[in-house]
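Source file model_2.cif; content: mmCIF, C-alpha atoms and all ligand atoms.
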data_data
loop_
_atom_site.label_atom_id
_atom_site.label_comp_id
_atom_site.auth_asym_id
_atom_site.auth_seq_id
_atom_site.Cartn_x
_atom_site.Cartn_y
_atom_site.Cartn_z
CA MET A 1 66.20 23.27 10.49
CA SER A 2 67.71 20.27 12.20
CA LEU A 3 66.61 18.16 15.13
CA SER A 4 68.31 18.40 18.51
CA LEU A 5 69.51 15.27 20.31
CA GLU A 6 66.61 15.75 22.70
CA GLU A 7 64.15 15.80 19.80
CA ILE A 8 65.73 12.77 18.14
CA LYS A 9 65.28 10.85 21.39
CA ARG A 10 61.76 12.17 22.04
CA TYR A 11 60.55 11.21 18.56
CA SER A 12 62.70 8.09 18.19
CA ARG A 13 59.74 5.67 18.17
CA GLN A 14 58.23 7.41 15.16
CA LEU A 15 61.58 8.14 13.49
CA VAL A 16 62.19 4.37 13.19
CA LEU A 17 59.05 3.92 11.11
CA PRO A 18 60.16 2.83 7.63
CA ASP A 19 58.41 5.75 5.93
CA PHE A 20 59.12 8.41 8.55
CA GLY A 21 62.48 10.08 9.16
CA SER A 22 64.07 13.41 10.03
CA ARG A 23 62.67 14.96 6.83
CA GLU A 24 59.14 14.13 7.91
CA GLN A 25 59.82 15.16 11.52
CA ASN A 26 61.15 18.50 10.31
CA ARG A 27 58.03 19.02 8.22
CA LEU A 28 55.95 18.52 11.38
CA LYS A 29 58.24 20.88 13.31
CA LYS A 30 57.69 23.65 10.75
CA ALA A 31 53.92 23.16 10.66
CA LYS A 32 51.41 25.57 12.14
CA VAL A 33 48.06 24.03 12.98
CA ALA A 34 44.81 25.33 14.47
CA VAL A 35 42.59 23.03 16.51
CA THR A 36 39.05 24.37 16.70
CA GLY A 37 37.61 23.23 20.00
CA ALA A 38 39.23 21.94 23.19
CA GLY A 39 36.51 19.42 24.00
CA GLY A 40 35.90 15.72 23.40
CA LEU A 41 37.54 15.79 19.96
CA GLY A 42 39.89 18.69 20.68
CA CYS A 43 41.58 16.83 23.57
CA PRO A 44 42.74 13.79 21.55
CA ILE A 45 43.45 15.91 18.45
CA SER A 46 45.65 18.44 20.26
CA THR A 47 47.29 15.73 22.39
CA TYR A 48 48.37 13.62 19.42
CA LEU A 49 49.56 16.66 17.45
CA THR A 50 51.61 17.65 20.51
CA LEU A 51 53.10 14.21 21.01
CA ALA A 52 54.01 13.94 17.31
CA GLY A 53 55.89 17.25 17.41
CA VAL A 54 53.80 19.66 15.34
CA GLY A 55 55.76 22.89 15.77
CA ARG A 56 52.96 25.27 16.55
CA ILE A 57 49.46 24.42 17.73
CA ASP A 58 46.80 27.05 18.37
CA ILE A 59 43.82 25.72 20.33
CA ILE A 60 40.71 27.85 19.92
CA ASP A 61 37.79 27.42 22.33
CA MET A 62 35.65 29.89 24.24
CA ASP A 63 34.30 27.50 26.90
CA LYS A 64 35.16 27.19 30.55
CA LEU A 65 35.56 23.73 32.04
CA ASP A 66 32.40 22.14 33.44
CA LEU A 67 32.13 18.92 35.48
CA THR A 68 30.05 17.37 32.66
CA ASN A 69 33.10 17.65 30.35
CA LEU A 70 35.13 15.24 32.45
CA ASN A 71 33.63 11.99 31.11
CA ARG A 72 35.57 12.54 27.88
CA GLN A 73 37.88 15.57 28.02
CA PHE A 74 41.01 14.07 29.51
CA LEU A 75 43.32 17.09 29.59
CA TYR A 76 41.58 18.64 32.60
CA SER A 77 41.26 18.16 36.34
CA VAL A 78 38.50 18.76 38.86
CA GLU A 79 40.31 21.82 40.19
CA ASP A 80 40.19 23.34 36.66
CA ILE A 81 36.38 23.68 36.70
CA GLY A 82 35.38 27.20 35.72
CA LYS A 83 38.67 27.97 33.97
CA PRO A 84 39.03 28.55 30.18
CA LYS A 85 39.71 25.23 28.46
CA ALA A 86 41.91 26.56 25.62
CA GLU A 87 44.42 27.92 28.12
CA LEU A 88 44.23 24.83 30.34
CA ALA A 89 44.85 22.55 27.36
CA ALA A 90 47.78 24.66 26.12
CA LYS A 91 49.39 24.67 29.56
CA ARG A 92 48.99 20.92 30.08
CA LEU A 93 50.27 20.05 26.61
CA SER A 94 53.26 22.40 26.96
CA GLU A 95 54.26 20.36 30.00
CA ILE A 96 54.11 17.20 27.91
CA ASN A 97 56.12 18.64 25.01
CA PRO A 98 58.08 21.82 25.79
CA GLU A 99 59.87 21.60 22.41
CA ILE A 100 56.88 23.09 20.57
CA GLU A 101 54.74 26.23 20.79
CA ILE A 102 51.17 25.79 21.97
CA ASN A 103 48.76 28.69 22.34
CA GLY A 104 45.34 28.70 23.93
CA ILE A 105 42.97 31.18 22.29
CA THR A 106 39.79 31.83 24.25
CA GLU A 107 37.54 33.04 21.50
CA MET A 108 34.20 32.06 20.00
CA ILE A 109 34.46 31.06 16.34
CA THR A 110 31.71 32.67 14.28
CA TYR A 111 31.00 33.05 10.57
CA ASP A 112 32.21 36.64 10.89
CA ASN A 113 35.63 35.95 12.43
CA ALA A 114 36.47 32.44 11.13
CA PHE A 115 37.99 33.68 7.88
CA ASP A 116 40.54 35.86 9.71
CA LEU A 117 40.99 33.55 12.67
CA LEU A 118 41.85 30.51 10.52
CA LYS A 119 44.16 32.23 8.04
CA GLY A 120 47.80 31.26 7.51
CA TYR A 121 47.71 27.72 8.96
CA ASP A 122 49.12 24.61 7.33
CA ALA A 123 46.08 22.70 8.56
CA VAL A 124 42.97 23.10 10.68
CA VAL A 125 41.71 20.10 12.66
CA ASP A 126 38.07 20.55 13.56
CA GLY A 127 36.87 19.55 17.00
CA THR A 128 33.75 21.71 17.04
CA ASP A 129 30.45 20.28 18.07
CA ASN A 130 27.76 22.25 16.30
CA PHE A 131 26.70 23.04 12.76
CA PRO A 132 27.03 26.85 12.75
CA VAL A 133 30.72 26.63 13.72
CA ARG A 134 31.39 23.54 11.61
CA TYR A 135 30.14 25.30 8.46
CA ALA A 136 32.01 28.50 9.38
CA VAL A 137 35.25 26.50 9.76
CA ASN A 138 34.65 24.65 6.48
CA ASP A 139 33.90 27.80 4.49
CA ALA A 140 36.85 29.68 6.00
CA CYS A 141 39.24 26.82 5.19
CA ALA A 142 37.86 26.57 1.63
CA VAL A 143 38.33 30.30 1.02
CA ASN A 144 41.74 30.43 2.76
CA ARG A 145 42.77 27.17 1.06
CA VAL A 146 43.77 25.58 4.34
CA PRO A 147 43.48 21.77 4.54
CA LEU A 148 40.75 20.77 6.98
CA PHE A 149 40.44 17.55 8.95
CA HIS A 150 36.79 17.07 9.83
CA GLY A 151 35.39 14.87 12.56
CA ALA A 152 32.10 14.48 14.38
CA VAL A 153 30.53 12.16 16.94
CA LEU A 154 26.90 11.50 17.73
CA MET A 155 26.15 8.76 20.21
CA TYR A 156 27.81 5.61 18.78
CA GLU A 157 28.40 7.03 15.33
CA GLY A 158 31.63 8.74 14.38
CA ARG A 159 32.63 10.46 11.17
CA ALA A 160 35.84 11.77 9.68
CA MET A 161 36.90 13.27 6.36
CA SER A 162 40.04 15.01 5.13
CA ILE A 163 39.63 18.05 2.91
CA ILE A 164 42.25 19.57 0.60
CA PRO A 165 40.62 22.78 -0.67
CA LYS A 166 40.02 23.04 -4.43
CA GLU A 167 41.26 19.48 -4.77
CA THR A 168 38.91 17.25 -2.80
CA ALA A 169 35.31 17.45 -1.63
CA CYS A 170 34.71 19.85 1.25
CA PHE A 171 32.12 19.38 4.00
CA ARG A 172 29.68 21.59 2.10
CA CYS A 173 30.17 19.62 -1.15
CA VAL A 174 28.81 16.61 0.76
CA PHE A 175 26.30 18.42 2.97
CA PRO A 176 25.38 21.68 1.17
CA GLU A 177 22.97 22.80 3.88
CA ALA A 178 22.94 22.31 7.64
CA PRO A 179 20.04 20.25 8.97
CA PRO A 180 17.20 22.41 10.28
CA ALA A 181 17.68 23.61 13.83
CA GLY A 182 16.57 21.05 16.40
CA THR A 183 16.57 18.03 14.05
CA VAL A 184 19.97 16.72 15.15
CA PRO A 185 20.42 16.33 18.89
CA THR A 186 23.48 17.76 20.61
CA CYS A 187 25.73 15.52 22.69
CA ARG A 188 24.07 16.93 25.78
CA GLU A 189 20.75 15.60 24.51
CA ALA A 190 21.94 12.43 22.78
CA GLY A 191 24.88 11.39 24.94
CA VAL A 192 28.49 10.61 24.21
CA ILE A 193 31.16 8.30 25.67
CA GLY A 194 34.75 9.51 25.83
CA ALA A 195 36.16 6.51 23.97
CA MET A 196 34.09 7.55 20.93
CA THR A 197 35.44 11.09 20.76
CA GLY A 198 38.90 9.69 21.54
CA MET A 199 38.74 7.32 18.57
CA VAL A 200 37.49 9.90 16.07
CA GLY A 201 39.88 12.60 17.30
CA ALA A 202 42.80 10.19 16.97
CA ILE A 203 41.81 9.44 13.37
CA GLN A 204 41.65 13.16 12.56
CA ALA A 205 45.03 13.77 14.20
CA LEU A 206 46.65 10.86 12.35
CA GLU A 207 45.37 12.10 9.00
CA ALA A 208 46.66 15.61 9.76
CA ILE A 209 50.05 14.30 10.93
CA ARG A 210 50.47 12.15 7.82
CA TYR A 211 49.43 15.03 5.56
CA LEU A 212 51.80 17.49 7.28
CA ALA A 213 54.63 14.96 7.08
CA GLY A 214 54.06 14.69 3.32
CA LYS A 215 52.43 11.27 3.34
CA GLU A 216 49.41 10.03 1.42
CA ILE A 217 46.20 10.24 3.39
CA ALA A 218 43.25 7.88 3.24
CA LEU A 219 40.23 10.11 3.81
CA LYS A 220 40.42 12.44 0.80
CA ASN A 221 37.08 12.38 -1.07
CA THR A 222 36.06 9.82 1.53
CA LEU A 223 33.65 10.10 4.43
CA LEU A 224 34.54 7.53 7.05
CA VAL A 225 31.45 6.46 8.99
CA ILE A 226 32.05 4.43 12.13
CA ASN A 227 29.21 2.51 13.72
CA ALA A 228 30.49 1.51 17.15
CA ASP A 229 27.43 -0.69 17.86
CA THR A 230 28.72 -3.11 15.21
CA MET A 231 32.27 -1.74 14.81
CA ASP A 232 31.65 -1.31 11.10
CA PHE A 233 33.96 1.22 9.47
CA ASP A 234 32.43 2.30 6.15
CA LYS A 235 34.24 4.48 3.66
CA ILE A 236 31.78 6.44 1.55
CA LYS A 237 33.17 7.95 -1.65
CA VAL A 238 32.25 11.60 -2.07
CA THR A 239 32.98 14.00 -4.91
CA ARG A 240 33.77 17.66 -5.15
CA LYS A 241 31.06 19.88 -6.60
CA GLU A 242 32.14 22.60 -9.02
CA ASP A 243 29.14 24.67 -7.94
CA CYS A 244 29.80 24.25 -4.20
CA THR A 245 29.15 27.58 -2.49
CA ALA A 246 32.27 27.15 -0.33
CA CYS A 247 34.98 25.60 -2.54
CA GLY A 248 33.45 25.99 -6.03
CA GLU A 249 33.96 28.63 -8.74
CA LYS A 250 32.09 31.33 -6.88
CA PHE A 251 32.12 31.63 -3.10
CA ILE A 252 28.79 32.50 -1.52
CA ALA A 253 28.74 33.22 2.22
CA LYS A 254 26.14 31.01 3.84
CA PRO A 255 26.24 31.36 7.63
CA VAL A 256 24.27 28.77 9.56
CA VAL A 257 22.29 30.86 11.96
CA TYR A 258 20.78 28.60 14.56
CA VAL A 259 22.25 28.58 18.01
CA CYS A 260 23.46 25.43 19.72
CA GLU A 261 23.63 25.57 23.48
CA ASP A 262 25.84 22.52 23.83
CA GLU A 263 28.78 22.66 26.17
CA GLY A 264 31.42 21.02 24.08
CA ASN A 265 31.62 17.80 22.17
ZN ZN B 1 32.91 22.27 -1.44
#
Translate the structure described by the file into structure tokens.
Amino acid sequence: MSLSLEEIKRYSRQLVLPDFGSREQNRLKKAKVAVTGAGGLGCPISTYLTLAGVGRIDIIDMDKLDLTNLNRQFLYSVEDIGKPKAELAAKRLSEINPEIEINGITEMITYDNAFDLLKGYDAVVDGTDNFPVRYAVNDACAVNRVPLFHGAVLMYEGRAMSIIPKETACFRCVFPEAPPAGTVPTCREAGVIGAMTGMVGAIQALEAIRYLAGKEIALKNTLLVINADTMDFDKIKVTRKEDCTACGEKFIAKPVVYVCEDEGN
């Protein structure tokens, strides 16, 4: 696979990076990535993957656009309200980079379908906003051995972690059980500013891009915790657990059953 003149020009500002050339660009071009969620995190994640030239991006989200999404979800317009976000995002991003394939999949991710839905990707970048889906995505990626780029935002706290299955700690190694229903507020209850989801989503996308390009990544076995009140970025070392029910010796299905009524992080 070689790059066209159009592609060389489009990606020229990244191709001049000292550690990034046509080999790395071609690795991105061959990559197939799923983005779970087309919301506050999903918008920056899918945008930066698109701009960088990831060859195929599948955006999975079941929600329709609501006016309350527009303080942070920058891929949409007022006239899109009521339309499915996955398809809107795919259409908008295809206009930005027609060199790549972008698909919008309007489907709800559940513990039952995640394992099939997230099979065969080179990476999954998680922009989901609730624990049942987050654990479903983690467990599916662990079983399917698909690298997972986790991110989450709650008020002025952001988190990110990069997971290489069977090699580094997964989300469940660090947090074996979801918090009890109702103990962690949703973004509808707690509030969120778009710049927060933008920052965390950009970090997830950068980690995924570097990984797909064959570069070292910083957030393996590391939970990045961002406190935007103080702008402290703390890196917490985490370790893989051999007895983890998701990525350990023996997989045990552990769906998180409570329902979150949030409308998209
Ligand atoms: Zn694990």
With only C-alpha atoms as the counted atoms, please give the residues lying no more than 8 Å from Val153 (chain A), apart from itself and same-chain residues fewer than 6 positions off, as a CSV table (one decimal) with C-alpha atoms, in the frame of the given file.
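Below you can see part.csv, which holds the result:
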chain,number,residue,atom,x,y,z
A,159,ARG,CA,32.6,10.5,11.2
A,192,VAL,CA,28.5,10.6,24.2
A,196,MET,CA,34.1,7.6,20.9
A,197,THR,CA,35.4,11.1,20.8
A,200,VAL,CA,37.5,9.9,16.1
A,265,ASN,CA,31.6,17.8,22.2
Selection near Phe149 (chain A), 10 Å with all atoms listed in the file, sequence-local residues under 6 positions removed, as an MDAnalysis selection string:
chainID A and resid 35 123:127 138 160:164 170:171 201 203:208 211 219:220
Mind checking which residues fall within 7 Å of region 95-102 of chain A, counting all atoms listed in the file, ignoring those fewer than 4 positions away in the same chain, and posting them as an mmCIF file with C-alpha atoms, in the coordinates of the input?
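And here is the file that came out, around-v8.cif:
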data_model
loop_
_atom_site.group_PDB
_atom_site.id
_atom_site.type_symbol
_atom_site.label_atom_id
_atom_site.label_comp_id
_atom_site.auth_asym_id
_atom_site.auth_seq_id
_atom_site.Cartn_x
_atom_site.Cartn_y
_atom_site.Cartn_z
ATOM 1 C CA THR A 50 51.610 17.650 20.510
ATOM 2 C CA LEU A 51 53.100 14.210 21.010
ATOM 3 C CA GLY A 53 55.890 17.250 17.410
ATOM 4 C CA VAL A 54 53.800 19.660 15.340
ATOM 5 C CA GLY A 55 55.760 22.890 15.770
ATOM 6 C CA ARG A 56 52.960 25.270 16.550
ATOM 7 C CA ILE A 57 49.460 24.420 17.730
ATOM 8 C CA ASP A 58 46.800 27.050 18.370
ATOM 9 C CA ALA A 90 47.780 24.660 26.120
ATOM 10 C CA LYS A 91 49.390 24.670 29.560
#
Expected answer as a PyMOL selection string: all residues with atoms within 12 Å of (23.9, 5.6, 16.1), all atoms listed in the file: chain A and resi 153-159+184-185+190-192+196+225-232
Computed gap from CA of Lys119 (chain A) to CA of Ala140 (chain A) is 8.0 Å
**OP:** Please check which protein, DNA or RNA residues sit within 9 Å of ligand ZN 1 (chain B), counting all atoms listed in the file, and write them as number ranges by chain.
**Re:** A: 138-139, 142, 165-166, 168-176, 239-248
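The spacing separating CA of Lys235 (chain A) from CA of Leu223 (chain A) amounts to 5.7 Å.
The nearest approach to Leu148 (chain A) among the residues A:Ala52, A:Glu167, A:Asp63, A:Gln73, with only C-alpha atoms taken into account, belongs to A:Glu167.
Among the candidates A:Lys237, A:Thr222, A:Arg13, A:Ala89, the residue lying nearest to His150 (chain A) is A:Thr222 (atoms considered: all atoms listed in the file).
Take CA of Thr68 (chain A) and CA of Ala202 (chain A): the distance between them is 21.5 Å.
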Of A:Leu5, A:Gly194, A:Asp19, A:Glu249, the one nearest to Arg210 (chain A) when counting all atoms listed in the file is A:Asp19
Using the structure just given, write a file holding N, CA and C atoms for region 27-74 of chain A, as a short mmCIF file (atom, residue, chain, number, x, y, z; two decimals), in the first residue's frame.
data_model
loop_
_atom_site.label_atom_id
_atom_site.label_comp_id
_atom_site.auth_asym_id
_atom_site.auth_seq_id
_atom_site.Cartn_x
_atom_site.Cartn_y
_atom_site.Cartn_z
N ARG A 27 0.51 2.40 8.26
CA ARG A 27 -0.05 1.58 9.36
C ARG A 27 -1.40 2.15 9.77
N LEU A 28 -1.51 3.48 9.85
CA LEU A 28 -2.80 4.10 10.19
C LEU A 28 -3.83 3.80 9.11
N LYS A 29 -3.39 3.88 7.85
CA LYS A 29 -4.30 3.68 6.72
C LYS A 29 -4.89 2.27 6.71
N LYS A 30 -4.12 1.30 7.16
CA LYS A 30 -4.58 -0.10 7.19
C LYS A 30 -5.43 -0.40 8.42
N ALA A 31 -5.44 0.50 9.38
CA ALA A 31 -6.08 0.21 10.67
C ALA A 31 -7.60 0.33 10.62
N LYS A 32 -8.23 -0.53 11.41
CA LYS A 32 -9.69 -0.55 11.52
C LYS A 32 -10.04 -0.32 12.99
N VAL A 33 -10.72 0.76 13.26
CA VAL A 33 -10.96 1.16 14.65
C VAL A 33 -12.45 1.36 14.90
N ALA A 34 -12.90 0.93 16.07
CA ALA A 34 -14.27 1.23 16.50
C ALA A 34 -14.24 2.31 17.57
N VAL A 35 -15.13 3.28 17.44
CA VAL A 35 -15.31 4.30 18.47
C VAL A 35 -16.68 4.06 19.08
N THR A 36 -16.69 3.74 20.37
CA THR A 36 -17.96 3.46 21.03
C THR A 36 -18.48 4.76 21.64
N GLY A 37 -19.53 5.28 21.03
CA GLY A 37 -20.10 6.54 21.48
C GLY A 37 -19.77 7.67 20.53
N ALA A 38 -20.77 8.50 20.23
CA ALA A 38 -20.57 9.65 19.34
C ALA A 38 -20.92 10.93 20.10
N GLY A 39 -20.58 10.94 21.40
CA GLY A 39 -20.93 12.06 22.26
C GLY A 39 -19.75 12.97 22.56
N GLY A 40 -19.67 13.40 23.83
CA GLY A 40 -18.65 14.36 24.24
C GLY A 40 -17.24 13.85 24.01
N LEU A 41 -17.00 12.57 24.32
CA LEU A 41 -15.69 11.97 24.03
C LEU A 41 -15.62 11.48 22.59
N GLY A 42 -16.71 10.89 22.12
CA GLY A 42 -16.72 10.33 20.76
C GLY A 42 -16.43 11.36 19.68
N CYS A 43 -16.90 12.61 19.87
CA CYS A 43 -16.63 13.65 18.86
C CYS A 43 -15.13 13.93 18.71
N PRO A 44 -14.41 14.29 19.79
CA PRO A 44 -12.97 14.51 19.60
C PRO A 44 -12.23 13.23 19.19
N ILE A 45 -12.59 12.09 19.75
CA ILE A 45 -11.90 10.84 19.39
C ILE A 45 -12.03 10.60 17.89
N SER A 46 -13.27 10.58 17.39
CA SER A 46 -13.47 10.22 15.98
C SER A 46 -12.93 11.31 15.06
N THR A 47 -12.98 12.57 15.50
CA THR A 47 -12.42 13.65 14.68
C THR A 47 -10.91 13.48 14.52
N TYR A 48 -10.20 13.27 15.62
CA TYR A 48 -8.74 13.17 15.52
C TYR A 48 -8.30 11.90 14.81
N LEU A 49 -9.04 10.82 14.95
CA LEU A 49 -8.70 9.60 14.18
C LEU A 49 -8.89 9.87 12.69
N THR A 50 -9.95 10.60 12.36
CA THR A 50 -10.24 10.95 10.96
C THR A 50 -9.14 11.84 10.39
N LEU A 51 -8.78 12.87 11.12
CA LEU A 51 -7.78 13.81 10.63
C LEU A 51 -6.42 13.12 10.44
N ALA A 52 -6.11 12.17 11.34
CA ALA A 52 -4.81 11.49 11.27
C ALA A 52 -4.75 10.49 10.13
N GLY A 53 -5.91 10.05 9.63
CA GLY A 53 -5.91 9.13 8.49
C GLY A 53 -6.06 7.66 8.84
N VAL A 54 -6.73 7.36 9.95
CA VAL A 54 -7.05 5.96 10.26
C VAL A 54 -7.99 5.45 9.16
N GLY A 55 -7.62 4.32 8.54
CA GLY A 55 -8.27 3.88 7.31
C GLY A 55 -9.74 3.56 7.41
N ARG A 56 -10.14 2.96 8.51
CA ARG A 56 -11.56 2.67 8.68
C ARG A 56 -11.97 2.95 10.13
N ILE A 57 -13.03 3.73 10.26
CA ILE A 57 -13.53 4.10 11.58
C ILE A 57 -15.02 3.77 11.64
N ASP A 58 -15.40 2.92 12.57
CA ASP A 58 -16.81 2.62 12.79
C ASP A 58 -17.26 3.31 14.08
N ILE A 59 -18.25 4.18 13.96
CA ILE A 59 -18.73 4.93 15.12
C ILE A 59 -20.06 4.31 15.56
N ILE A 60 -20.08 3.82 16.79
CA ILE A 60 -21.26 3.10 17.27
C ILE A 60 -21.97 3.92 18.36
N ASP A 61 -23.21 4.28 18.10
CA ASP A 61 -23.98 5.06 19.08
C ASP A 61 -25.45 4.91 18.73
N MET A 62 -26.28 4.74 19.71
CA MET A 62 -27.71 4.55 19.43
C MET A 62 -28.52 5.85 19.56
N ASP A 63 -27.89 6.90 20.11
CA ASP A 63 -28.66 8.11 20.44
C ASP A 63 -28.97 9.00 19.25
N LYS A 64 -30.05 9.75 19.43
CA LYS A 64 -30.38 10.82 18.48
C LYS A 64 -29.94 12.15 19.10
N LEU A 65 -29.59 13.10 18.25
CA LEU A 65 -29.08 14.37 18.75
C LEU A 65 -30.16 15.15 19.51
N ASP A 66 -29.72 15.68 20.67
CA ASP A 66 -30.59 16.49 21.52
C ASP A 66 -29.90 17.85 21.72
N LEU A 67 -30.69 18.89 21.91
CA LEU A 67 -30.11 20.24 22.09
C LEU A 67 -29.09 20.27 23.24
N THR A 68 -29.33 19.47 24.29
CA THR A 68 -28.41 19.47 25.44
C THR A 68 -27.04 18.89 25.09
N ASN A 69 -26.90 18.22 23.96
CA ASN A 69 -25.60 17.68 23.53
C ASN A 69 -24.68 18.78 23.01
N LEU A 70 -25.28 19.91 22.60
CA LEU A 70 -24.51 20.87 21.81
C LEU A 70 -23.59 21.79 22.62
N ASN A 71 -23.49 21.58 23.94
CA ASN A 71 -22.47 22.34 24.68
C ASN A 71 -21.10 21.67 24.59
N ARG A 72 -21.07 20.46 24.01
CA ARG A 72 -19.79 19.74 23.97
C ARG A 72 -19.59 18.88 22.72
N GLN A 73 -20.64 18.55 22.02
CA GLN A 73 -20.54 17.61 20.90
C GLN A 73 -20.49 18.41 19.59
N PHE A 74 -19.27 18.68 19.15
CA PHE A 74 -19.05 19.72 18.13
C PHE A 74 -19.25 19.28 16.69
#
